[in-house]
Amino acid sequence: MSKRQEEILNQAMDLMIAEGIKGLTMKKVADRMKFTEPAMYRHFKDKQDLVVALIGRIREGYEAVVSKADRSLAPKEYFRELLCPLLEYLEKVRGVTILFLSESTYSHDDVVRKALLAFYSGMIWHVAEYLKEARERGQVRGDIDEEAGAVILVGMVQSLTIRY
C-alpha cells in the first residue's frame with residue numbers, strides 16, 4: 001500500500017468514526033485530503049474498495065497485537081497478556097470495528113460482509129488454536145470445545161469494545 005493510500009485510510013477512518021459508514025463518501029475523503037474526488041479513484045476503485053482496505057488495516061493491527069502474546073503461557077496469563085494490548089489497540093482505532101458491525105448500510109454488500117467475516121473468523125481461529133495448544137499441554141480441560149470457547153471469548157472482547 002502506498003504512503004498516499006495510508007494517508008487516505010487515516011482520513012477515511014477519522015471520517016467514519018465521526019459520521020459512520022453512511023457518512024463515509026469518496027468526496028468527503030477527497031475534501032479532507034485536499035484533492036478532487038476523481039483523484040480518489042486513482043487510489044481506490046470505489047467506496048467498497050476503501051471500506052475493505054479499512055477492514056484489512058484493522059485486521060493487520062489486530063494480528064500484530066495477537067502475534068506478540070506468548071502462546072506458551074497458561075490460559076489465565078495468556079489472556080491477561082493478550083487482552084490489555086488488544087483493548088488498547090481497539091481504543092486506538094476508536095471502536096471502528098463496532099461501526100462496521102452496527103451499520104446496516106453494508107449488510108447487503110457481499111464483498112464487505114466477506115471481509116468482515118474473514119476478520120472475525122481470523123480472530124476466532126487465533127483463540128481456538130491457542131485453546132487447542134493449551135489443551136494439548138494439559139492447561140485446558142479435554143472436554144472444552146475450542147471453537148465454542150473462542151466464539152465466547154471473542155464475543156466478550158466485542159462486548160468490552162462496545163462498553164469501552
# chains A, B, ... in the order shown; residues from 1 in each chain; ligands from 1
>>> residues_around(residues="segment 11-17 of chain A", least_positions_apart="2", cutoff="12 Å", atoms="only C-alpha atoms", output="VMD selection string")
chain A and resid 4 to 9 19 to 34 40 44 47 49 to 55 57 to 58 91 to 100 103
>>> residues_around(residues="segment 126-132 of chain A", least_positions_apart="4", cutoff="9 Å", atoms="only C-alpha atoms", output="list in words")
Glu63, Val66, Arg71, Ser72, Pro75, Ser121, Gly122, Glu136, Arg137, Gln139, Val140, Ile144, Asp145, Glu146, Glu147, Ala148, Gly149, Ala150, Val151, Leu153 and Val154 of chain A
>>> write_last_selection(atoms="N, CA and C atoms", output="short mmCIF file (atom, residue, chain, number, x, y, z; two decimals), in the first residue's frame")
data_model
loop_
_atom_site.label_atom_id
_atom_site.label_comp_id
_atom_site.auth_asym_id
_atom_site.auth_seq_id
_atom_site.Cartn_x
_atom_site.Cartn_y
_atom_site.Cartn_z
N GLU A 63 -3.86 -8.57 14.23
CA GLU A 63 -2.92 -9.69 14.12
C GLU A 63 -1.55 -9.34 14.70
N VAL A 66 -1.98 -9.76 18.48
CA VAL A 66 -2.10 -11.17 18.85
C VAL A 66 -0.76 -11.89 18.72
N ARG A 71 2.24 -17.57 23.40
CA ARG A 71 1.30 -18.69 23.31
C ARG A 71 1.67 -19.85 24.24
N SER A 72 2.84 -19.83 24.83
CA SER A 72 3.23 -20.92 25.74
C SER A 72 2.69 -20.70 27.15
N PRO A 75 -3.52 -20.38 30.16
CA PRO A 75 -4.64 -19.54 29.68
C PRO A 75 -4.84 -18.24 30.44
N SER A 121 -13.52 -14.36 11.64
CA SER A 121 -13.11 -15.77 11.58
C SER A 121 -11.65 -15.91 11.99
N GLY A 122 -10.83 -14.96 11.56
CA GLY A 122 -9.42 -14.96 11.95
C GLY A 122 -9.25 -14.79 13.45
N GLU A 136 -3.62 -29.43 24.68
CA GLU A 136 -2.58 -30.44 24.43
C GLU A 136 -1.48 -30.39 25.49
N ARG A 137 -1.27 -29.23 26.09
CA ARG A 137 -0.28 -29.09 27.18
C ARG A 137 -0.89 -29.42 28.54
N GLN A 139 -3.35 -27.69 29.97
CA GLN A 139 -3.72 -26.46 30.66
C GLN A 139 -5.20 -26.12 30.51
N VAL A 140 -5.89 -26.84 29.64
CA VAL A 140 -7.33 -26.64 29.42
C VAL A 140 -7.97 -28.03 29.47
N ILE A 144 -13.43 -29.30 26.61
CA ILE A 144 -13.71 -27.94 26.12
C ILE A 144 -13.68 -27.93 24.60
N ASP A 145 -14.72 -27.40 23.98
CA ASP A 145 -14.77 -27.23 22.53
C ASP A 145 -14.05 -25.92 22.22
N GLU A 146 -12.91 -26.03 21.55
CA GLU A 146 -12.07 -24.84 21.32
C GLU A 146 -12.79 -23.76 20.53
N GLU A 147 -13.52 -24.16 19.49
CA GLU A 147 -14.19 -23.15 18.67
C GLU A 147 -15.30 -22.46 19.45
N ALA A 148 -16.08 -23.22 20.22
CA ALA A 148 -17.15 -22.60 21.02
C ALA A 148 -16.53 -21.66 22.06
N GLY A 149 -15.46 -22.10 22.69
CA GLY A 149 -14.78 -21.24 23.66
C GLY A 149 -14.24 -19.98 23.01
N ALA A 150 -13.71 -20.13 21.80
CA ALA A 150 -13.18 -18.96 21.08
C ALA A 150 -14.29 -17.99 20.73
N VAL A 151 -15.44 -18.51 20.28
CA VAL A 151 -16.57 -17.63 19.95
C VAL A 151 -17.00 -16.85 21.19
N LEU A 153 -15.14 -16.11 23.89
CA LEU A 153 -14.10 -15.14 24.27
C LEU A 153 -14.06 -13.95 23.32
N VAL A 154 -14.18 -14.19 22.02
CA VAL A 154 -14.20 -13.08 21.06
C VAL A 154 -15.44 -12.22 21.29
#
>>> atom_distance(atom1="atom CA of Ser2 of chain A", atom2="atom CA of Asp46 of chain A")
16.7 Å
>>> residues_around(residues="segment 82-89 of chain A", least_positions_apart="2", cutoff="9 Å", atoms="only C-alpha atoms", output="MDAnalysis selection string")
chainID A and resid 61:62 65:66 68:70 77:80 91:94 157 160:161 164
>>> write_last_selection(atoms="C-alpha atoms", output="mmCIF file, in the first residue's frame")
data_model
loop_
_atom_site.group_PDB
_atom_site.id
_atom_site.type_symbol
_atom_site.label_atom_id
_atom_site.label_comp_id
_atom_site.auth_asym_id
_atom_site.auth_seq_id
_atom_site.Cartn_x
_atom_site.Cartn_y
_atom_site.Cartn_z
ATOM 1 C CA GLY A 61 -3.333 -4.285 13.593
ATOM 2 C CA TYR A 62 -5.248 -6.982 15.442
ATOM 3 C CA VAL A 65 -1.206 -7.471 18.729
ATOM 4 C CA VAL A 66 -2.100 -11.169 18.848
ATOM 5 C CA LYS A 68 3.065 -10.594 20.420
ATOM 6 C CA ALA A 69 1.261 -12.667 23.075
ATOM 7 C CA ASP A 70 3.287 -15.617 24.378
ATOM 8 C CA GLU A 77 -1.695 -15.441 31.873
ATOM 9 C CA TYR A 78 -2.058 -15.648 28.086
ATOM 10 C CA PHE A 79 -5.401 -13.858 28.034
ATOM 11 C CA ARG A 80 -4.155 -11.287 30.528
ATOM 12 C CA GLU A 91 -9.236 2.141 21.771
ATOM 13 C CA LYS A 92 -6.654 3.437 19.289
ATOM 14 C CA VAL A 93 -8.943 2.610 16.355
ATOM 15 C CA ARG A 94 -11.758 4.053 18.453
ATOM 16 C CA VAL A 157 -13.972 -8.705 23.614
ATOM 17 C CA LEU A 160 -15.933 -4.791 26.044
ATOM 18 C CA THR A 161 -15.327 -2.778 22.886
ATOM 19 C CA TYR A 164 -15.268 0.776 26.388
#
>>> closest_residue(among="A:Met1, A:Val112, A:Met123, A:Ala134", to="Ala74 of chain A", atoms="only C-alpha atoms")
A:Ala134
>>> select_by_dssp(residues="segment 10-145 of chain A", states="helix (DSSP H, G or I)", output="compact mmCIF listing (two decimals) with N, CA and C atoms, in the first residue's frame")
# COMPACT_ATOMS: atom_id res chain seq x y z
N ASN A 10 -6.23 6.92 6.80
CA ASN A 10 -6.30 7.68 8.05
C ASN A 10 -7.48 8.64 8.03
N GLN A 11 -7.62 9.38 6.95
CA GLN A 11 -8.73 10.33 6.83
C GLN A 11 -10.07 9.61 6.77
N ALA A 12 -10.12 8.50 6.06
CA ALA A 12 -11.36 7.73 5.96
C ALA A 12 -11.77 7.19 7.32
N MET A 13 -10.80 6.72 8.10
CA MET A 13 -11.08 6.20 9.43
C MET A 13 -11.64 7.31 10.32
N ASP A 14 -11.01 8.47 10.31
CA ASP A 14 -11.50 9.60 11.10
C ASP A 14 -12.91 10.01 10.68
N LEU A 15 -13.14 10.04 9.39
CA LEU A 15 -14.46 10.41 8.88
C LEU A 15 -15.51 9.37 9.28
N MET A 16 -15.16 8.11 9.18
CA MET A 16 -16.12 7.07 9.54
C MET A 16 -16.44 7.10 11.03
N ILE A 17 -15.45 7.38 11.84
CA ILE A 17 -15.70 7.49 13.28
C ILE A 17 -16.64 8.65 13.56
N ALA A 18 -16.45 9.75 12.86
CA ALA A 18 -17.27 10.94 13.08
C ALA A 18 -18.68 10.79 12.51
N GLU A 19 -18.80 10.17 11.34
CA GLU A 19 -20.09 10.17 10.63
C GLU A 19 -20.65 8.80 10.31
N GLY A 20 -19.95 7.74 10.67
CA GLY A 20 -20.43 6.40 10.35
C GLY A 20 -20.17 6.05 8.90
N ILE A 21 -20.49 4.81 8.55
CA ILE A 21 -20.24 4.35 7.18
C ILE A 21 -21.07 5.15 6.19
N LYS A 22 -22.29 5.49 6.57
CA LYS A 22 -23.14 6.27 5.65
C LYS A 22 -22.51 7.62 5.32
N GLY A 23 -21.80 8.20 6.27
CA GLY A 23 -21.16 9.50 6.05
C GLY A 23 -19.82 9.41 5.35
N MET A 26 -16.50 9.08 -0.96
CA MET A 26 -15.24 9.37 -1.65
C MET A 26 -15.01 10.88 -1.70
N LYS A 27 -16.08 11.63 -1.91
CA LYS A 27 -15.96 13.09 -2.00
C LYS A 27 -15.49 13.67 -0.67
N LYS A 28 -16.09 13.23 0.44
CA LYS A 28 -15.69 13.77 1.75
C LYS A 28 -14.24 13.42 2.09
N VAL A 29 -13.84 12.22 1.74
CA VAL A 29 -12.44 11.85 1.99
C VAL A 29 -11.52 12.69 1.12
N ALA A 30 -11.89 12.88 -0.14
CA ALA A 30 -11.09 13.72 -1.05
C ALA A 30 -10.98 15.14 -0.50
N ASP A 31 -12.09 15.67 0.01
CA ASP A 31 -12.06 17.02 0.60
C ASP A 31 -11.07 17.08 1.76
N ARG A 32 -11.08 16.06 2.60
CA ARG A 32 -10.15 16.03 3.73
C ARG A 32 -8.70 15.92 3.26
N MET A 33 -8.51 15.26 2.13
CA MET A 33 -7.17 15.10 1.58
C MET A 33 -6.73 16.32 0.77
N GLU A 37 -12.39 14.69 -6.01
CA GLU A 37 -12.97 13.36 -5.89
C GLU A 37 -12.42 12.40 -6.96
N PRO A 38 -12.32 12.82 -8.23
CA PRO A 38 -11.76 11.89 -9.23
C PRO A 38 -10.35 11.39 -8.87
N ALA A 39 -9.58 12.21 -8.15
CA ALA A 39 -8.24 11.78 -7.75
C ALA A 39 -8.30 10.59 -6.78
N MET A 40 -9.38 10.50 -6.01
CA MET A 40 -9.56 9.38 -5.08
C MET A 40 -9.57 8.05 -5.83
N LYS A 47 -15.99 3.16 -3.07
CA LYS A 47 -16.16 3.19 -1.62
C LYS A 47 -15.99 1.79 -1.03
N GLN A 48 -16.52 0.81 -1.70
CA GLN A 48 -16.40 -0.57 -1.24
C GLN A 48 -14.93 -0.97 -1.10
N ASP A 49 -14.13 -0.61 -2.08
CA ASP A 49 -12.70 -0.89 -2.06
C ASP A 49 -12.04 -0.19 -0.86
N LEU A 50 -12.45 1.02 -0.59
CA LEU A 50 -11.93 1.79 0.54
C LEU A 50 -12.30 1.12 1.86
N VAL A 51 -13.56 0.71 1.99
CA VAL A 51 -14.02 0.07 3.23
C VAL A 51 -13.30 -1.26 3.44
N VAL A 52 -13.15 -2.04 2.40
CA VAL A 52 -12.42 -3.31 2.52
C VAL A 52 -10.97 -3.05 2.94
N ALA A 53 -10.36 -2.00 2.42
CA ALA A 53 -8.99 -1.64 2.83
C ALA A 53 -8.95 -1.25 4.31
N LEU A 54 -9.97 -0.55 4.78
CA LEU A 54 -10.04 -0.19 6.21
C LEU A 54 -10.14 -1.44 7.07
N ILE A 55 -10.98 -2.38 6.66
CA ILE A 55 -11.12 -3.63 7.40
C ILE A 55 -9.77 -4.36 7.41
N GLY A 56 -9.09 -4.38 6.27
CA GLY A 56 -7.78 -5.02 6.19
C GLY A 56 -6.77 -4.39 7.12
N ARG A 57 -6.79 -3.08 7.20
CA ARG A 57 -5.86 -2.37 8.09
C ARG A 57 -6.13 -2.74 9.55
N ILE A 58 -7.39 -2.75 9.93
CA ILE A 58 -7.74 -3.10 11.31
C ILE A 58 -7.35 -4.54 11.60
N ARG A 59 -7.57 -5.41 10.64
CA ARG A 59 -7.20 -6.82 10.80
C ARG A 59 -5.68 -6.96 10.99
N GLU A 60 -4.90 -6.25 10.22
CA GLU A 60 -3.44 -6.30 10.37
C GLU A 60 -3.02 -5.83 11.76
N GLY A 61 -3.65 -4.77 12.25
CA GLY A 61 -3.33 -4.29 13.59
C GLY A 61 -3.68 -5.30 14.66
N TYR A 62 -4.84 -5.94 14.51
CA TYR A 62 -5.25 -6.98 15.44
C TYR A 62 -4.23 -8.13 15.42
N GLU A 63 -3.86 -8.57 14.23
CA GLU A 63 -2.92 -9.69 14.12
C GLU A 63 -1.55 -9.34 14.70
N ALA A 64 -1.14 -8.09 14.57
CA ALA A 64 0.13 -7.66 15.16
C ALA A 64 0.08 -7.76 16.68
N VAL A 65 -1.05 -7.38 17.27
CA VAL A 65 -1.21 -7.47 18.73
C VAL A 65 -1.20 -8.93 19.16
N VAL A 66 -1.98 -9.76 18.48
CA VAL A 66 -2.10 -11.17 18.85
C VAL A 66 -0.76 -11.89 18.72
N SER A 67 0.00 -11.55 17.71
CA SER A 67 1.27 -12.25 17.48
C SER A 67 2.30 -11.98 18.59
N LYS A 68 2.11 -10.93 19.35
CA LYS A 68 3.06 -10.59 20.42
C LYS A 68 2.80 -11.37 21.71
N PRO A 75 -3.52 -20.38 30.16
CA PRO A 75 -4.64 -19.54 29.68
C PRO A 75 -4.84 -18.24 30.44
N LYS A 76 -4.82 -18.30 31.75
CA LYS A 76 -5.06 -17.08 32.53
C LYS A 76 -4.02 -16.01 32.20
N GLU A 77 -2.76 -16.39 32.17
CA GLU A 77 -1.69 -15.44 31.87
C GLU A 77 -1.72 -15.02 30.41
N TYR A 78 -2.01 -15.97 29.52
CA TYR A 78 -2.06 -15.65 28.09
C TYR A 78 -3.12 -14.60 27.81
N PHE A 79 -4.33 -14.81 28.32
CA PHE A 79 -5.40 -13.86 28.03
C PHE A 79 -5.17 -12.52 28.73
N ARG A 80 -4.52 -12.55 29.88
CA ARG A 80 -4.15 -11.29 30.53
C ARG A 80 -3.16 -10.53 29.65
N GLU A 81 -2.16 -11.25 29.13
CA GLU A 81 -1.15 -10.64 28.27
C GLU A 81 -1.75 -10.16 26.94
N LEU A 82 -2.77 -10.85 26.46
CA LEU A 82 -3.38 -10.51 25.18
C LEU A 82 -4.40 -9.39 25.30
N LEU A 83 -5.25 -9.45 26.32
CA LEU A 83 -6.40 -8.53 26.38
C LEU A 83 -6.02 -7.08 26.60
N CYS A 84 -5.08 -6.79 27.46
CA CYS A 84 -4.74 -5.38 27.70
C CYS A 84 -4.24 -4.69 26.42
N PRO A 85 -3.27 -5.27 25.71
CA PRO A 85 -2.85 -4.63 24.45
C PRO A 85 -3.96 -4.62 23.40
N LEU A 86 -4.79 -5.66 23.39
CA LEU A 86 -5.87 -5.70 22.41
C LEU A 86 -6.88 -4.58 22.67
N LEU A 87 -7.24 -4.38 23.93
CA LEU A 87 -8.17 -3.29 24.26
C LEU A 87 -7.54 -1.93 23.98
N GLU A 88 -6.24 -1.80 24.22
CA GLU A 88 -5.55 -0.55 23.87
C GLU A 88 -5.60 -0.31 22.36
N TYR A 89 -5.41 -1.37 21.58
CA TYR A 89 -5.48 -1.23 20.12
C TYR A 89 -6.89 -0.84 19.70
N LEU A 90 -7.90 -1.49 20.26
CA LEU A 90 -9.28 -1.16 19.90
C LEU A 90 -9.63 0.27 20.29
N GLU A 91 -9.04 0.74 21.40
CA GLU A 91 -9.24 2.14 21.77
C GLU A 91 -8.56 3.05 20.74
N LYS A 92 -7.39 2.65 20.28
CA LYS A 92 -6.65 3.44 19.29
C LYS A 92 -7.47 3.59 18.00
N VAL A 96 -13.89 1.35 15.80
CA VAL A 96 -14.40 1.35 14.44
C VAL A 96 -14.91 -0.03 14.03
N THR A 97 -14.41 -1.09 14.66
CA THR A 97 -14.91 -2.42 14.33
C THR A 97 -16.39 -2.53 14.64
N ILE A 98 -16.82 -1.90 15.70
CA ILE A 98 -18.24 -1.93 16.05
C ILE A 98 -19.04 -1.14 15.04
N LEU A 99 -18.49 -0.04 14.53
CA LEU A 99 -19.18 0.69 13.47
C LEU A 99 -19.43 -0.20 12.27
N PHE A 100 -18.44 -0.99 11.91
CA PHE A 100 -18.62 -1.90 10.78
C PHE A 100 -19.77 -2.86 11.05
N LEU A 101 -19.84 -3.36 12.27
CA LEU A 101 -20.88 -4.32 12.59
C LEU A 101 -22.25 -3.68 12.74
N SER A 102 -22.29 -2.49 13.30
CA SER A 102 -23.58 -1.88 13.64
C SER A 102 -24.24 -1.17 12.47
N SER A 104 -25.97 -0.79 9.15
CA SER A 104 -26.70 -1.71 8.27
C SER A 104 -26.45 -1.41 6.80
N THR A 105 -25.76 -0.34 6.51
CA THR A 105 -25.53 0.07 5.13
C THR A 105 -24.95 -1.05 4.30
N TYR A 106 -24.02 -1.79 4.88
CA TYR A 106 -23.31 -2.79 4.10
C TYR A 106 -23.80 -4.21 4.36
N ASP A 110 -21.98 -8.02 -0.29
CA ASP A 110 -21.33 -9.31 -0.11
C ASP A 110 -19.82 -9.19 0.06
N VAL A 111 -19.19 -8.28 -0.66
CA VAL A 111 -17.73 -8.13 -0.58
C VAL A 111 -17.31 -7.65 0.81
N VAL A 112 -17.99 -6.63 1.31
CA VAL A 112 -17.67 -6.11 2.65
C VAL A 112 -18.02 -7.13 3.71
N ARG A 113 -19.17 -7.79 3.56
CA ARG A 113 -19.58 -8.82 4.52
C ARG A 113 -18.52 -9.92 4.59
N LYS A 114 -18.01 -10.34 3.44
CA LYS A 114 -16.97 -11.39 3.42
C LYS A 114 -15.67 -10.90 4.07
N ALA A 115 -15.32 -9.64 3.87
CA ALA A 115 -14.11 -9.09 4.51
C ALA A 115 -14.27 -9.08 6.03
N LEU A 116 -15.46 -8.69 6.50
CA LEU A 116 -15.73 -8.70 7.95
C LEU A 116 -15.71 -10.12 8.49
N LEU A 117 -16.35 -11.03 7.75
CA LEU A 117 -16.39 -12.42 8.18
C LEU A 117 -14.97 -12.99 8.27
N ALA A 118 -14.13 -12.67 7.31
CA ALA A 118 -12.74 -13.14 7.34
C ALA A 118 -12.01 -12.58 8.56
N PHE A 119 -12.26 -11.31 8.88
CA PHE A 119 -11.64 -10.68 10.04
C PHE A 119 -12.05 -11.40 11.32
N TYR A 120 -13.36 -11.58 11.53
CA TYR A 120 -13.83 -12.23 12.75
C TYR A 120 -13.51 -13.71 12.77
N SER A 121 -13.52 -14.36 11.64
CA SER A 121 -13.11 -15.77 11.58
C SER A 121 -11.65 -15.91 11.99
N GLY A 122 -10.83 -14.96 11.56
CA GLY A 122 -9.42 -14.96 11.95
C GLY A 122 -9.25 -14.79 13.45
N MET A 123 -10.05 -13.90 14.04
CA MET A 123 -9.99 -13.70 15.49
C MET A 123 -10.33 -15.01 16.20
N ILE A 124 -11.42 -15.64 15.76
CA ILE A 124 -11.86 -16.89 16.39
C ILE A 124 -10.81 -17.98 16.18
N TRP A 125 -10.23 -18.06 14.99
CA TRP A 125 -9.22 -19.07 14.71
C TRP A 125 -8.03 -18.92 15.65
N HIS A 126 -7.53 -17.68 15.84
CA HIS A 126 -6.38 -17.46 16.72
C HIS A 126 -6.66 -17.98 18.13
N VAL A 127 -7.82 -17.65 18.66
CA VAL A 127 -8.16 -18.07 20.02
C VAL A 127 -8.37 -19.58 20.08
N ALA A 128 -9.07 -20.14 19.10
CA ALA A 128 -9.32 -21.59 19.08
C ALA A 128 -8.00 -22.37 19.00
N GLU A 129 -7.09 -21.90 18.17
CA GLU A 129 -5.78 -22.57 18.05
C GLU A 129 -5.02 -22.51 19.37
N TYR A 130 -5.08 -21.36 20.05
CA TYR A 130 -4.42 -21.26 21.34
C TYR A 130 -5.04 -22.26 22.32
N LEU A 131 -6.37 -22.30 22.37
CA LEU A 131 -7.06 -23.21 23.30
C LEU A 131 -6.70 -24.67 23.00
N LYS A 132 -6.60 -25.01 21.73
CA LYS A 132 -6.21 -26.37 21.34
C LYS A 132 -4.79 -26.68 21.84
N GLU A 133 -3.86 -25.74 21.63
CA GLU A 133 -2.48 -25.93 22.10
C GLU A 133 -2.44 -26.05 23.62
N ALA A 134 -3.21 -25.22 24.30
CA ALA A 134 -3.24 -25.25 25.77
C ALA A 134 -3.83 -26.58 26.26
N ARG A 135 -4.85 -27.09 25.57
CA ARG A 135 -5.43 -28.39 25.94
C ARG A 135 -4.38 -29.49 25.77
N GLU A 136 -3.62 -29.43 24.68
CA GLU A 136 -2.58 -30.44 24.43
C GLU A 136 -1.48 -30.39 25.49
